[in-house]
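Data first, discussion second: the structure below is written as structure tokens.
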Amino acid sequence: MSQQTETFLSSVERMFDQAADLVGVSDGLRHKIKVANSTYTVRFGVRLRNRLYTFTGYRSVHSEHREPVKGGIRYSPHADQDEVEALAALMTYKCALVEAPFGGSKGALVIDPNEWEEHELERITRRFTQELAKRSLISPAQNVPAPDMGTGEREMAWMADEYKRLYPSDLNSWGCVTGKPVSKGGIRGRVEATGRGIQYALQEAFRHPTDIEFAGLSGTLAGKRIVVQGLGNVGFHASHFLSQEDDSIIVGVLERDGAVFDERGIDVQALQRHIVETGGVTGYSGYVEDSERVLTADCDIFIPAAMEGVITKDNANDIKAKIIIEAANGPITFTANEMLRDRGCLIIPDLYANAGGVTVSYFEWVKNIGHIRFGRMQRRQHESQTLKMVDAIEEMVGAKFPEKHLAKIIEGPTELDLVRSGLDDVMREGYQVISAKWHSDDRIPDLRTAAMMIALERIQDSYKSLGI
Ligand code: NAD
């Protein structure tokens, strides 16, 4: 297949076909699962700067075998229908893999957010929300968007507020989107969830020495040299946690306007401040204009966290990273995936690796429809039970419980503790099942195929039980 035709969507479909062959999905069902159920295109006008501007938006629903369907909304000037459909399909497989009870969906608005003032973006976002609401493409019961590239808490708060205005009597209206600020029905730990999930995924991979040896590595994450592409929400949090908590060294960061390289390690917080202040990485110490040099630099782990189609058959042979963890969706094309795998690169695939976002979105949606913060009922009960236990231990051993441990153990878990615990559990278990599947059969070439197979087996079961 030539590079021209190896689009994001065709890559996802080829990965799907490879897994479907191994699972043995019947032709009819295979086609039903593979294609998007529907994709809605809307063109709406907003009067701004004394003239009318027309914007194009998409919301694709890939599979409704479970509802609501779930998936982010991105703001990007390059978004198109194919991209949105590929992303929606990945959401279906991702949710099935990590057992989030949703079908897959994805949306986009064709816009460069940097070209608009905040108050203008708010009007555009509210109009887009009205268009989506008209067709139940935003609804706590049917379709629940979340942040993605170019969107964040701010846009989700506008969307939730607009939905509440349209449906004031909907008791569950906060659950119409996830990734909201905590003050607007969000959950603690959602902003950093995808980056945190990348950290947990890598920690679990390093608990599987056979997998790490496949990539020619050993030991722990400490001292491993990492290159990150995109210091946005996902890339920043992943690299911040890995450098601060696992002692990995961030040697390279690629951004839109070039890259930064420093063998001694980059302070990603300082670099992020520089990006916010100046609009890019240009001028930062270690700046390299030609990003390709940093993309192909010698390192242990590469974290693509910007966009799709970054590693293709044209540059796959130049990539030196031993492990690639796909924080972004679709950063490696189908052919590049085969080339990298064949030379012993361990690829931790997007449908598992970046599932931290949808996992914590799931917790947020449950919090919204449950109308109660996690941990609220149990904390004081945990405290009184633990104090009783401490009293009993002191009585038995005839000594005081060490003060330095007491405060920590009597405090019950906060919402953030519970979110982190749930996320860590999902990421650990997710890696364990895909690694076990990969090693269970010589015909399964990699973690990606294994992950896709598990997702497909679950979706197939769900369709069969529906009688379709
Ligand atoms: P973001 O907009 O916060 O960050 C993207 C970053 O990539 C920005 O810093 C941007 O400047 C940079 N970038 C853009 N084009 C680039 C280029 N050509 N070269 C280098 N850097 C470039 O977006 P995000 O939310 O962090 O999402 C990043 C990726 O992660 C996307 O593929 C998205 O689909 C995926 N993802 C995000 C989430 C989430 O919770 N936000 C969840 C799952 C997957």
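In the structure tokens, chains take the letters A, B, ... in the order shown, each chain's residues start at 1, and ligands count up from 1 in the order shown.
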
So which residues of region 93-328 of chain A fall under strand (DSSP E) by DSSP, listed as number ranges by chain?
A: 103-109, 143-147, 225-229, 249-255, 258-261, 287-288, 301-304, 323-325

Could you pull out the residues sitting within 8 Å of ligand 1, using only C-alpha atoms and all ligand atoms, and write them as a short mmCIF file (atom, residue, chain, number, x, y, z; two decimals) with all heavy atoms, in the first residue's frame?
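What landed in part_19.cif:
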```cif
data_model
loop_
_atom_site.label_atom_id
_atom_site.label_comp_id
_atom_site.auth_asym_id
_atom_site.auth_seq_id
_atom_site.Cartn_x
_atom_site.Cartn_y
_atom_site.Cartn_z
N GLY A 72 -13.86 12.06 22.81
CA GLY A 72 -13.52 13.47 22.91
C GLY A 72 -14.00 14.30 21.73
O GLY A 72 -14.49 13.78 20.72
N ARG A 74 -12.26 17.34 19.47
CA ARG A 74 -11.03 18.10 19.26
C ARG A 74 -11.29 19.36 18.44
O ARG A 74 -12.20 19.38 17.63
CB ARG A 74 -9.94 17.23 18.61
CG ARG A 74 -10.22 16.71 17.25
CD ARG A 74 -8.98 16.06 16.63
NE ARG A 74 -8.31 15.09 17.48
CZ ARG A 74 -7.31 14.32 17.11
NH1 ARG A 74 -6.86 14.42 15.88
NH2 ARG A 74 -6.74 13.47 17.93
N LEU A 87 -10.96 7.92 14.85
CA LEU A 87 -10.89 8.14 16.30
C LEU A 87 -12.09 7.51 17.01
O LEU A 87 -11.95 6.97 18.11
CB LEU A 87 -10.83 9.65 16.59
CG LEU A 87 -9.50 10.33 16.21
CD1 LEU A 87 -9.68 11.84 16.09
CD2 LEU A 87 -8.42 10.02 17.24
N ALA A 146 -15.87 14.60 25.63
CA ALA A 146 -14.80 14.85 26.61
C ALA A 146 -13.74 15.70 25.90
O ALA A 146 -13.84 15.93 24.69
CB ALA A 146 -14.20 13.51 27.05
N PRO A 147 -12.72 16.16 26.62
CA PRO A 147 -11.68 16.96 25.95
C PRO A 147 -10.79 16.11 25.05
O PRO A 147 -10.66 14.91 25.25
CB PRO A 147 -10.84 17.53 27.11
CG PRO A 147 -11.53 17.15 28.36
CD PRO A 147 -12.46 16.03 28.07
N ASP A 148 -10.19 16.75 24.09
CA ASP A 148 -9.17 16.11 23.25
C ASP A 148 -8.25 17.25 22.81
O ASP A 148 -8.25 18.32 23.43
CB ASP A 148 -9.84 15.38 22.07
CG ASP A 148 -8.89 14.42 21.38
OD1 ASP A 148 -8.63 13.34 21.93
OD2 ASP A 148 -8.38 14.74 20.29
N MET A 149 -7.51 17.01 21.73
CA MET A 149 -6.60 18.04 21.24
C MET A 149 -7.30 19.39 21.09
O MET A 149 -8.36 19.46 20.45
CB MET A 149 -6.16 17.61 19.84
CG MET A 149 -4.73 17.55 19.60
SD MET A 149 -4.55 16.54 18.14
CE MET A 149 -4.27 17.77 16.95
N GLY A 150 -6.73 20.42 21.67
CA GLY A 150 -7.26 21.78 21.49
C GLY A 150 -8.46 22.11 22.36
O GLY A 150 -9.00 23.22 22.29
N THR A 151 -8.92 21.16 23.17
CA THR A 151 -10.03 21.46 24.11
C THR A 151 -9.62 21.00 25.51
O THR A 151 -8.73 20.16 25.66
CB THR A 151 -11.33 20.73 23.72
OG1 THR A 151 -11.07 19.33 23.65
CG2 THR A 151 -11.90 21.22 22.40
N GLY A 152 -10.29 21.55 26.51
CA GLY A 152 -9.96 21.17 27.89
C GLY A 152 -11.15 21.47 28.79
O GLY A 152 -12.28 21.58 28.32
N GLY A 179 -14.62 15.64 31.90
CA GLY A 179 -13.44 16.49 31.77
C GLY A 179 -13.77 17.93 32.16
O GLY A 179 -13.11 18.87 31.72
N ARG A 190 -8.98 14.16 36.77
CA ARG A 190 -9.31 13.96 35.36
C ARG A 190 -8.33 14.68 34.43
O ARG A 190 -7.95 14.15 33.39
CB ARG A 190 -10.75 14.41 35.05
CG ARG A 190 -11.14 14.37 33.56
CD ARG A 190 -11.03 12.98 32.96
NE ARG A 190 -11.28 12.90 31.52
CZ ARG A 190 -10.35 13.01 30.58
NH1 ARG A 190 -9.09 13.24 30.89
NH2 ARG A 190 -10.68 12.88 29.30
N VAL A 191 -7.93 15.91 34.83
CA VAL A 191 -7.06 16.70 33.93
C VAL A 191 -5.80 15.90 33.59
O VAL A 191 -5.40 15.83 32.43
CB VAL A 191 -6.66 18.04 34.60
CG1 VAL A 191 -5.71 18.82 33.69
CG2 VAL A 191 -7.87 18.87 34.92
N GLU A 192 -5.20 15.28 34.59
CA GLU A 192 -3.93 14.59 34.36
C GLU A 192 -4.11 13.11 34.04
O GLU A 192 -3.12 12.39 33.90
CB GLU A 192 -3.01 14.74 35.58
CG GLU A 192 -3.48 14.05 36.86
CD GLU A 192 -4.32 14.94 37.78
OE1 GLU A 192 -5.06 15.80 37.24
OE2 GLU A 192 -4.27 14.77 39.01
N ALA A 193 -5.38 12.65 33.93
CA ALA A 193 -5.63 11.20 33.87
C ALA A 193 -4.92 10.47 32.72
O ALA A 193 -4.37 9.39 32.92
CB ALA A 193 -7.14 10.95 33.77
N THR A 194 -4.92 11.07 31.53
CA THR A 194 -4.33 10.35 30.40
C THR A 194 -2.81 10.25 30.58
O THR A 194 -2.21 9.18 30.38
CB THR A 194 -4.71 11.01 29.07
OG1 THR A 194 -6.12 11.22 29.07
CG2 THR A 194 -4.35 10.15 27.88
N GLY A 195 -2.19 11.34 31.03
CA GLY A 195 -0.75 11.33 31.29
C GLY A 195 -0.41 10.40 32.44
O GLY A 195 0.58 9.66 32.41
N GLN A 229 6.77 13.85 22.25
CA GLN A 229 6.29 14.77 21.22
C GLN A 229 4.99 15.39 21.66
O GLN A 229 4.01 14.69 21.89
CB GLN A 229 6.06 14.03 19.89
CG GLN A 229 5.61 14.99 18.80
CD GLN A 229 5.28 14.28 17.52
OE1 GLN A 229 4.64 13.24 17.54
NE2 GLN A 229 5.70 14.83 16.40
N GLY A 230 4.95 16.71 21.80
CA GLY A 230 3.73 17.41 22.22
C GLY A 230 3.71 17.60 23.72
O GLY A 230 3.56 16.63 24.47
N LEU A 231 3.92 18.85 24.17
CA LEU A 231 3.90 19.09 25.62
C LEU A 231 2.57 19.73 25.99
O LEU A 231 2.51 20.73 26.69
CB LEU A 231 5.09 19.98 26.02
CG LEU A 231 5.59 19.78 27.45
CD1 LEU A 231 6.12 18.37 27.68
CD2 LEU A 231 6.69 20.78 27.79
N GLY A 232 1.49 19.13 25.48
CA GLY A 232 0.14 19.59 25.83
C GLY A 232 -0.33 18.85 27.06
O GLY A 232 0.47 18.40 27.89
N ASN A 233 -1.63 18.67 27.17
CA ASN A 233 -2.17 18.03 28.37
C ASN A 233 -1.52 16.67 28.64
O ASN A 233 -0.94 16.43 29.69
CB ASN A 233 -3.70 17.89 28.21
CG ASN A 233 -4.33 17.16 29.37
OD1 ASN A 233 -3.85 16.10 29.77
ND2 ASN A 233 -5.38 17.68 29.94
N VAL A 234 -1.60 15.78 27.65
CA VAL A 234 -1.15 14.40 27.87
C VAL A 234 0.38 14.33 27.99
O VAL A 234 0.92 13.74 28.92
CB VAL A 234 -1.67 13.49 26.73
CG1 VAL A 234 -1.19 12.07 26.94
CG2 VAL A 234 -3.18 13.55 26.62
N GLY A 235 1.07 14.97 27.05
CA GLY A 235 2.54 14.91 27.03
C GLY A 235 3.16 15.55 28.26
O GLY A 235 4.12 15.02 28.82
N PHE A 236 2.59 16.67 28.68
CA PHE A 236 3.17 17.35 29.86
C PHE A 236 3.00 16.47 31.10
O PHE A 236 3.97 16.23 31.84
CB PHE A 236 2.50 18.72 30.11
CG PHE A 236 2.88 19.26 31.45
CD1 PHE A 236 4.16 19.76 31.68
CD2 PHE A 236 1.99 19.21 32.53
CE1 PHE A 236 4.55 20.21 32.93
CE2 PHE A 236 2.37 19.66 33.79
CZ PHE A 236 3.65 20.16 33.99
N LEU A 254 9.50 17.51 21.50
CA LEU A 254 9.21 18.08 20.17
C LEU A 254 7.92 18.88 20.26
O LEU A 254 6.94 18.42 20.87
CB LEU A 254 8.99 16.97 19.14
CG LEU A 254 10.18 16.10 18.76
CD1 LEU A 254 10.18 14.82 19.56
CD2 LEU A 254 10.11 15.80 17.29
N GLU A 255 7.93 20.05 19.67
CA GLU A 255 6.71 20.85 19.60
C GLU A 255 6.51 21.35 18.17
O GLU A 255 7.31 21.04 17.29
CB GLU A 255 6.77 22.01 20.61
CG GLU A 255 5.98 21.73 21.90
CD GLU A 255 4.47 21.67 21.68
OE1 GLU A 255 3.97 22.30 20.74
OE2 GLU A 255 3.78 20.97 22.45
N ARG A 256 5.45 22.14 17.96
CA ARG A 256 5.13 22.62 16.60
C ARG A 256 6.28 23.39 15.96
O ARG A 256 6.51 23.30 14.76
CB ARG A 256 3.96 23.60 16.66
CG ARG A 256 2.64 23.02 17.03
CD ARG A 256 1.67 24.18 17.18
NE ARG A 256 0.58 23.84 18.06
CZ ARG A 256 -0.60 23.41 17.63
NH1 ARG A 256 -0.82 23.28 16.35
NH2 ARG A 256 -1.55 23.11 18.49
N ASP A 257 7.00 24.19 16.76
CA ASP A 257 7.98 25.12 16.20
C ASP A 257 9.43 24.63 16.39
O ASP A 257 10.36 25.42 16.36
CB ASP A 257 7.83 26.50 16.87
CG ASP A 257 8.01 26.42 18.38
OD1 ASP A 257 7.68 25.38 18.96
OD2 ASP A 257 8.52 27.39 18.97
N GLY A 258 9.61 23.34 16.58
CA GLY A 258 10.97 22.82 16.75
C GLY A 258 11.03 21.89 17.94
O GLY A 258 10.00 21.36 18.37
N GLY A 280 5.88 28.93 22.16
CA GLY A 280 6.56 27.77 21.57
C GLY A 280 7.86 27.46 22.31
O GLY A 280 8.14 28.04 23.36
N PRO A 304 4.90 9.59 21.71
CA PRO A 304 4.21 10.54 20.83
C PRO A 304 2.92 10.97 21.52
O PRO A 304 2.07 10.13 21.84
CB PRO A 304 3.93 9.70 19.56
CG PRO A 304 4.04 8.28 19.98
CD PRO A 304 4.83 8.20 21.25
N ALA A 305 2.76 12.27 21.78
CA ALA A 305 1.58 12.76 22.50
C ALA A 305 1.02 14.00 21.82
O ALA A 305 0.58 14.93 22.48
CB ALA A 305 1.95 13.06 23.96
N ALA A 306 1.07 14.00 20.47
CA ALA A 306 0.56 15.18 19.77
C ALA A 306 -0.56 14.83 18.80
O ALA A 306 -1.67 15.33 18.92
CB ALA A 306 1.70 15.87 19.03
N MET A 307 -0.26 13.97 17.85
CA MET A 307 -1.19 13.77 16.75
C MET A 307 -0.95 12.41 16.07
O MET A 307 -0.02 11.70 16.43
CB MET A 307 -0.97 14.86 15.72
CG MET A 307 0.50 14.90 15.30
SD MET A 307 0.98 16.45 14.64
CE MET A 307 0.60 16.10 12.95
N GLU A 308 -1.77 12.12 15.05
CA GLU A 308 -1.65 10.85 14.34
C GLU A 308 -0.61 10.95 13.21
O GLU A 308 -0.21 12.04 12.82
CB GLU A 308 -2.99 10.43 13.75
CG GLU A 308 -3.68 11.43 12.87
CD GLU A 308 -4.44 12.50 13.64
OE1 GLU A 308 -4.57 12.39 14.87
OE2 GLU A 308 -4.88 13.45 12.99
N ALA A 327 0.76 7.69 23.36
CA ALA A 327 -0.12 8.56 24.14
C ALA A 327 -1.14 9.21 23.22
O ALA A 327 -2.31 9.37 23.57
CB ALA A 327 0.71 9.60 24.87
N ALA A 328 -0.69 9.59 22.02
CA ALA A 328 -1.62 10.12 21.02
C ALA A 328 -2.38 8.96 20.39
O ALA A 328 -1.99 7.80 20.53
CB ALA A 328 -0.85 10.87 19.94
N ASN A 329 -3.44 9.28 19.68
CA ASN A 329 -4.17 8.26 18.93
C ASN A 329 -3.56 8.15 17.54
O ASN A 329 -3.39 9.17 16.85
CB ASN A 329 -5.64 8.66 18.82
CG ASN A 329 -6.38 8.46 20.13
OD1 ASN A 329 -6.40 7.36 20.68
ND2 ASN A 329 -6.97 9.52 20.67
N GLY A 330 -3.24 6.93 17.14
CA GLY A 330 -2.78 6.67 15.77
C GLY A 330 -1.48 7.31 15.35
O GLY A 330 -1.32 7.65 14.17
N PRO A 331 -0.46 7.43 16.23
CA PRO A 331 0.77 8.08 15.78
C PRO A 331 1.62 7.22 14.85
O PRO A 331 2.50 7.73 14.17
CB PRO A 331 1.52 8.36 17.10
CG PRO A 331 1.01 7.34 18.05
CD PRO A 331 -0.41 7.09 17.67
N ASP A 350 -2.06 2.62 21.37
CA ASP A 350 -2.97 3.68 21.80
C ASP A 350 -4.25 3.19 22.48
O ASP A 350 -4.66 3.73 23.50
CB ASP A 350 -3.34 4.58 20.60
CG ASP A 350 -3.72 3.82 19.33
OD1 ASP A 350 -3.88 2.58 19.40
OD2 ASP A 350 -3.87 4.46 18.28
N ASN A 354 -3.53 5.11 26.05
CA ASN A 354 -4.11 6.41 26.44
C ASN A 354 -5.53 6.26 27.00
O ASN A 354 -6.30 7.23 27.05
CB ASN A 354 -4.01 7.42 25.30
CG ASN A 354 -4.86 7.05 24.09
OD1 ASN A 354 -5.96 6.51 24.23
ND2 ASN A 354 -4.37 7.37 22.91
N ALA A 355 -5.86 5.05 27.47
CA ALA A 355 -7.22 4.81 28.00
C ALA A 355 -7.44 5.41 29.39
O ALA A 355 -8.55 5.35 29.92
CB ALA A 355 -7.50 3.30 28.03
N GLY A 356 -6.39 6.00 29.97
CA GLY A 356 -6.56 6.63 31.29
C GLY A 356 -7.60 7.74 31.25
O GLY A 356 -8.34 7.95 32.22
N GLY A 357 -7.67 8.45 30.13
CA GLY A 357 -8.63 9.55 30.01
C GLY A 357 -10.06 9.06 30.09
O GLY A 357 -10.86 9.53 30.91
N VAL A 358 -10.38 8.07 29.27
CA VAL A 358 -11.77 7.59 29.27
C VAL A 358 -12.09 6.86 30.58
O VAL A 358 -13.22 6.88 31.06
CB VAL A 358 -12.10 6.73 28.02
CG1 VAL A 358 -11.50 5.35 28.07
CG2 VAL A 358 -13.61 6.60 27.85
#
```

Give me, as a list in words, all polymer residues having an atom no more than 9 Å from Arg448 (chain A), counting only C-alpha atoms and skipping those fewer than 5 positions away in the same chain.
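What passes the distance filter is Met15, Ala19, Ile347, Ile348, Pro349, Asp350, Leu351, Tyr352, Ile434, Trp438 and Met453 of chain A.
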
Kindly save the residues from that selection, with all heavy atoms included, as a short mmCIF file (atom, residue, chain, number, x, y, z; two decimals), in the first residue's frame.
```cif
data_model
loop_
_atom_site.label_atom_id
_atom_site.label_comp_id
_atom_site.auth_asym_id
_atom_site.auth_seq_id
_atom_site.Cartn_x
_atom_site.Cartn_y
_atom_site.Cartn_z
N MET A 15 -5.44 -2.75 11.09
CA MET A 15 -5.14 -3.33 12.41
C MET A 15 -6.34 -4.15 12.87
O MET A 15 -6.21 -5.23 13.45
CB MET A 15 -4.81 -2.23 13.42
CG MET A 15 -3.45 -1.58 13.15
SD MET A 15 -3.25 0.01 13.99
CE MET A 15 -1.71 0.62 13.29
N ALA A 19 -6.63 -8.39 13.50
CA ALA A 19 -7.14 -8.99 14.74
C ALA A 19 -8.39 -9.83 14.47
O ALA A 19 -8.56 -10.92 15.02
CB ALA A 19 -7.45 -7.89 15.76
N ILE A 347 5.93 -1.77 21.09
CA ILE A 347 4.95 -0.68 20.92
C ILE A 347 3.78 -0.93 21.85
O ILE A 347 3.11 -1.96 21.77
CB ILE A 347 4.48 -0.60 19.45
CG1 ILE A 347 5.68 -0.30 18.55
CG2 ILE A 347 3.40 0.47 19.29
CD1 ILE A 347 5.40 -0.42 17.07
N ILE A 348 3.56 0.01 22.77
CA ILE A 348 2.41 -0.09 23.68
C ILE A 348 1.30 0.71 23.02
O ILE A 348 1.41 1.94 22.87
CB ILE A 348 2.77 0.41 25.09
CG1 ILE A 348 4.03 -0.32 25.60
CG2 ILE A 348 1.60 0.21 26.05
CD1 ILE A 348 4.50 0.07 26.98
N PRO A 349 0.24 0.02 22.55
CA PRO A 349 -0.68 0.66 21.60
C PRO A 349 -1.67 1.64 22.22
O PRO A 349 -2.09 1.49 23.37
CB PRO A 349 -1.44 -0.55 21.03
CG PRO A 349 -1.44 -1.55 22.14
CD PRO A 349 -0.15 -1.37 22.88
N ASP A 350 -2.06 2.62 21.37
CA ASP A 350 -2.97 3.68 21.80
C ASP A 350 -4.25 3.19 22.48
O ASP A 350 -4.66 3.73 23.50
CB ASP A 350 -3.34 4.58 20.60
CG ASP A 350 -3.72 3.82 19.33
OD1 ASP A 350 -3.88 2.58 19.40
OD2 ASP A 350 -3.87 4.46 18.28
N LEU A 351 -4.86 2.14 21.93
CA LEU A 351 -6.17 1.75 22.47
C LEU A 351 -6.07 1.29 23.93
O LEU A 351 -7.03 1.37 24.68
CB LEU A 351 -6.89 0.71 21.61
CG LEU A 351 -6.44 -0.71 21.57
CD1 LEU A 351 -7.61 -1.61 21.20
CD2 LEU A 351 -5.36 -0.90 20.55
N TYR A 352 -4.86 0.90 24.34
CA TYR A 352 -4.64 0.63 25.76
C TYR A 352 -3.96 1.84 26.43
O TYR A 352 -4.43 2.34 27.46
CB TYR A 352 -3.77 -0.63 25.94
CG TYR A 352 -3.08 -0.66 27.28
CD1 TYR A 352 -3.80 -0.88 28.45
CD2 TYR A 352 -1.71 -0.41 27.39
CE1 TYR A 352 -3.18 -0.85 29.69
CE2 TYR A 352 -1.08 -0.38 28.63
CZ TYR A 352 -1.83 -0.60 29.76
OH TYR A 352 -1.21 -0.55 30.99
N ILE A 434 -3.30 -7.92 27.99
CA ILE A 434 -2.81 -7.89 26.60
C ILE A 434 -1.46 -8.59 26.48
O ILE A 434 -1.18 -9.25 25.48
CB ILE A 434 -2.80 -6.46 25.98
CG1 ILE A 434 -1.90 -5.48 26.74
CG2 ILE A 434 -4.19 -5.90 25.82
CD1 ILE A 434 -1.78 -4.12 26.04
N TRP A 438 -0.72 -11.79 24.06
CA TRP A 438 0.38 -11.74 23.09
C TRP A 438 1.24 -13.01 23.20
O TRP A 438 1.59 -13.63 22.19
CB TRP A 438 1.21 -10.48 23.36
CG TRP A 438 2.43 -10.30 22.51
CD1 TRP A 438 2.62 -10.73 21.23
CD2 TRP A 438 3.64 -9.61 22.88
NE1 TRP A 438 3.88 -10.35 20.79
CE2 TRP A 438 4.52 -9.66 21.77
CE3 TRP A 438 4.06 -8.93 24.02
CZ2 TRP A 438 5.79 -9.08 21.78
CZ3 TRP A 438 5.32 -8.35 24.04
CH2 TRP A 438 6.18 -8.43 22.93
N MET A 453 -7.67 -7.82 19.65
CA MET A 453 -8.39 -9.10 19.71
C MET A 453 -9.28 -9.17 20.95
O MET A 453 -10.44 -9.60 20.87
CB MET A 453 -7.39 -10.27 19.74
CG MET A 453 -6.73 -10.53 18.39
SD MET A 453 -5.45 -11.79 18.53
CE MET A 453 -6.43 -13.27 18.79
#
```

Spatial neighbours of Gln460 (chain A), 9 Å, only C-alpha atoms, chain gap at least 5 places, as a list of chain:residue names:
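Here the qualifying residues turn out to be A:Val25, A:Leu29, A:Arg30, A:Ile33, A:Ala455, A:Ser465.
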
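With only C-alpha atoms as the atoms that count, the minimum distance from Tyr431 (chain A) to the choices A:Glu204, A:Glu13, A:Glu395, A:Asp82 is reached by A:Glu204.
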
CA of Arg127 (chain A) to CA of Glu85 (chain A) measures 22.3 Å

Could you pull the residues within 10 Å of Gln81 (chain A), counting only C-alpha atoms, minus those fewer than 6 positions along the same chain, as a list in words?
Leu9, Thr39, Tyr40, Thr41, Gly57, Tyr58, Arg59, Ser60, Leu87, Gly107 and Ala108 of chain A

Could you find all residues in region 342-410 of chain A that DSSP calls alpha helix (DSSP H) from the backbone, and write them as an MDAnalysis selection string?
chainID A and resid 342 350:353 356:370 379:397 403:410

Let's have the selection written as a PDB file, in the first residue's frame, with C-alpha atoms.
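Ended up saving to result.pdb:
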```pdb
ATOM      1  CA  ASP A 342      10.146  -6.591  13.260  1.00  0.00           C
ATOM      2  CA  ASP A 350      -2.973   3.682  21.797  1.00  0.00           C
ATOM      3  CA  LEU A 351      -6.167   1.754  22.475  1.00  0.00           C
ATOM      4  CA  TYR A 352      -4.637   0.632  25.759  1.00  0.00           C
ATOM      5  CA  ALA A 353      -1.985   3.263  26.506  1.00  0.00           C
ATOM      6  CA  GLY A 356      -6.558   6.633  31.290  1.00  0.00           C
ATOM      7  CA  GLY A 357      -8.626   9.548  30.010  1.00  0.00           C
ATOM      8  CA  VAL A 358     -11.770   7.588  29.269  1.00  0.00           C
ATOM      9  CA  THR A 359     -11.313   5.564  32.459  1.00  0.00           C
ATOM     10  CA  VAL A 360     -11.418   8.640  34.695  1.00  0.00           C
ATOM     11  CA  SER A 361     -14.151  10.121  32.482  1.00  0.00           C
ATOM     12  CA  TYR A 362     -16.125   7.000  33.335  1.00  0.00           C
ATOM     13  CA  PHE A 363     -15.594   7.700  37.054  1.00  0.00           C
ATOM     14  CA  GLU A 364     -16.714  11.309  36.501  1.00  0.00           C
ATOM     15  CA  TRP A 365     -19.875  10.239  34.679  1.00  0.00           C
ATOM     16  CA  VAL A 366     -20.704   7.769  37.476  1.00  0.00           C
ATOM     17  CA  LYS A 367     -20.140  10.575  40.022  1.00  0.00           C
ATOM     18  CA  ASN A 368     -22.476  12.851  38.043  1.00  0.00           C
ATOM     19  CA  ILE A 369     -25.324  10.380  37.732  1.00  0.00           C
ATOM     20  CA  GLY A 370     -24.737   9.198  41.331  1.00  0.00           C
ATOM     21  CA  ARG A 379     -14.158   8.449  55.107  1.00  0.00           C
ATOM     22  CA  ARG A 380     -15.233   9.076  58.703  1.00  0.00           C
ATOM     23  CA  GLN A 381     -16.402   5.502  59.138  1.00  0.00           C
ATOM     24  CA  HIS A 382     -12.959   4.350  58.017  1.00  0.00           C
ATOM     25  CA  GLU A 383     -11.407   6.776  60.527  1.00  0.00           C
ATOM     26  CA  SER A 384     -13.430   5.528  63.513  1.00  0.00           C
ATOM     27  CA  GLN A 385     -12.854   1.857  62.625  1.00  0.00           C
ATOM     28  CA  THR A 386      -9.129   2.417  62.230  1.00  0.00           C
ATOM     29  CA  LEU A 387      -8.912   4.273  65.559  1.00  0.00           C
ATOM     30  CA  LYS A 388     -10.612   1.322  67.275  1.00  0.00           C
ATOM     31  CA  MET A 389      -8.059  -1.005  65.660  1.00  0.00           C
ATOM     32  CA  VAL A 390      -5.182   1.236  66.798  1.00  0.00           C
ATOM     33  CA  ASP A 391      -6.572   1.219  70.382  1.00  0.00           C
ATOM     34  CA  ALA A 392      -6.738  -2.583  70.316  1.00  0.00           C
ATOM     35  CA  ILE A 393      -3.160  -2.910  68.997  1.00  0.00           C
ATOM     36  CA  GLU A 394      -1.864  -0.498  71.664  1.00  0.00           C
ATOM     37  CA  GLU A 395      -3.683  -2.476  74.381  1.00  0.00           C
ATOM     38  CA  MET A 396      -2.291  -5.802  73.108  1.00  0.00           C
ATOM     39  CA  VAL A 397       1.339  -4.719  72.733  1.00  0.00           C
ATOM     40  CA  GLU A 403       2.701   8.983  65.630  1.00  0.00           C
ATOM     41  CA  LYS A 404       4.366   9.307  62.193  1.00  0.00           C
ATOM     42  CA  HIS A 405       2.181   6.506  60.755  1.00  0.00           C
ATOM     43  CA  LEU A 406      -1.004   7.271  62.663  1.00  0.00           C
ATOM     44  CA  ALA A 407      -2.222  10.312  60.736  1.00  0.00           C
ATOM     45  CA  LYS A 408      -1.680   8.572  57.383  1.00  0.00           C
ATOM     46  CA  ILE A 409      -3.553   5.403  58.219  1.00  0.00           C
ATOM     47  CA  ILE A 410      -6.565   6.919  59.986  1.00  0.00           C
TER      48      ILE A 410
END
```

Need the shell around region 132-139 of chain A: protein/DNA/RNA residues with any atom at most 9 Å away, counting only C-alpha atoms. Skip same-chain ones fewer than 5 positions apart. Format as a list in words?
Tyr40, Val42, Arg59, Ser60, Val61, Pro68, Arg127, Val144, Pro145, Met159, Tyr163, Leu166, Ser173, Gly175, Cys176 and Val177 of chain A

Taking C-alpha atoms for each residue, export the selection above as an mmCIF file, in the first residue's frame.
```
data_model
loop_
_atom_site.group_PDB
_atom_site.id
_atom_site.type_symbol
_atom_site.label_atom_id
_atom_site.label_comp_id
_atom_site.auth_asym_id
_atom_site.auth_seq_id
_atom_site.Cartn_x
_atom_site.Cartn_y
_atom_site.Cartn_z
ATOM 1 C CA TYR A 40 -22.995 13.869 11.433
ATOM 2 C CA VAL A 42 -22.853 20.336 10.766
ATOM 3 C CA ARG A 59 -19.668 13.927 15.592
ATOM 4 C CA SER A 60 -19.223 10.316 14.583
ATOM 5 C CA VAL A 61 -20.865 7.421 16.394
ATOM 6 C CA PRO A 68 -23.978 6.185 26.109
ATOM 7 C CA ARG A 127 -23.496 27.163 19.185
ATOM 8 C CA VAL A 144 -20.960 12.020 26.303
ATOM 9 C CA PRO A 145 -18.085 14.095 24.836
ATOM 10 C CA MET A 159 -20.768 22.703 26.844
ATOM 11 C CA TYR A 163 -26.725 21.710 27.821
ATOM 12 C CA LEU A 166 -31.375 23.644 27.022
ATOM 13 C CA SER A 173 -27.313 17.147 33.033
ATOM 14 C CA GLY A 175 -23.163 13.943 33.032
ATOM 15 C CA CYS A 176 -23.539 15.260 29.446
ATOM 16 C CA VAL A 177 -19.767 15.790 29.134
#
```
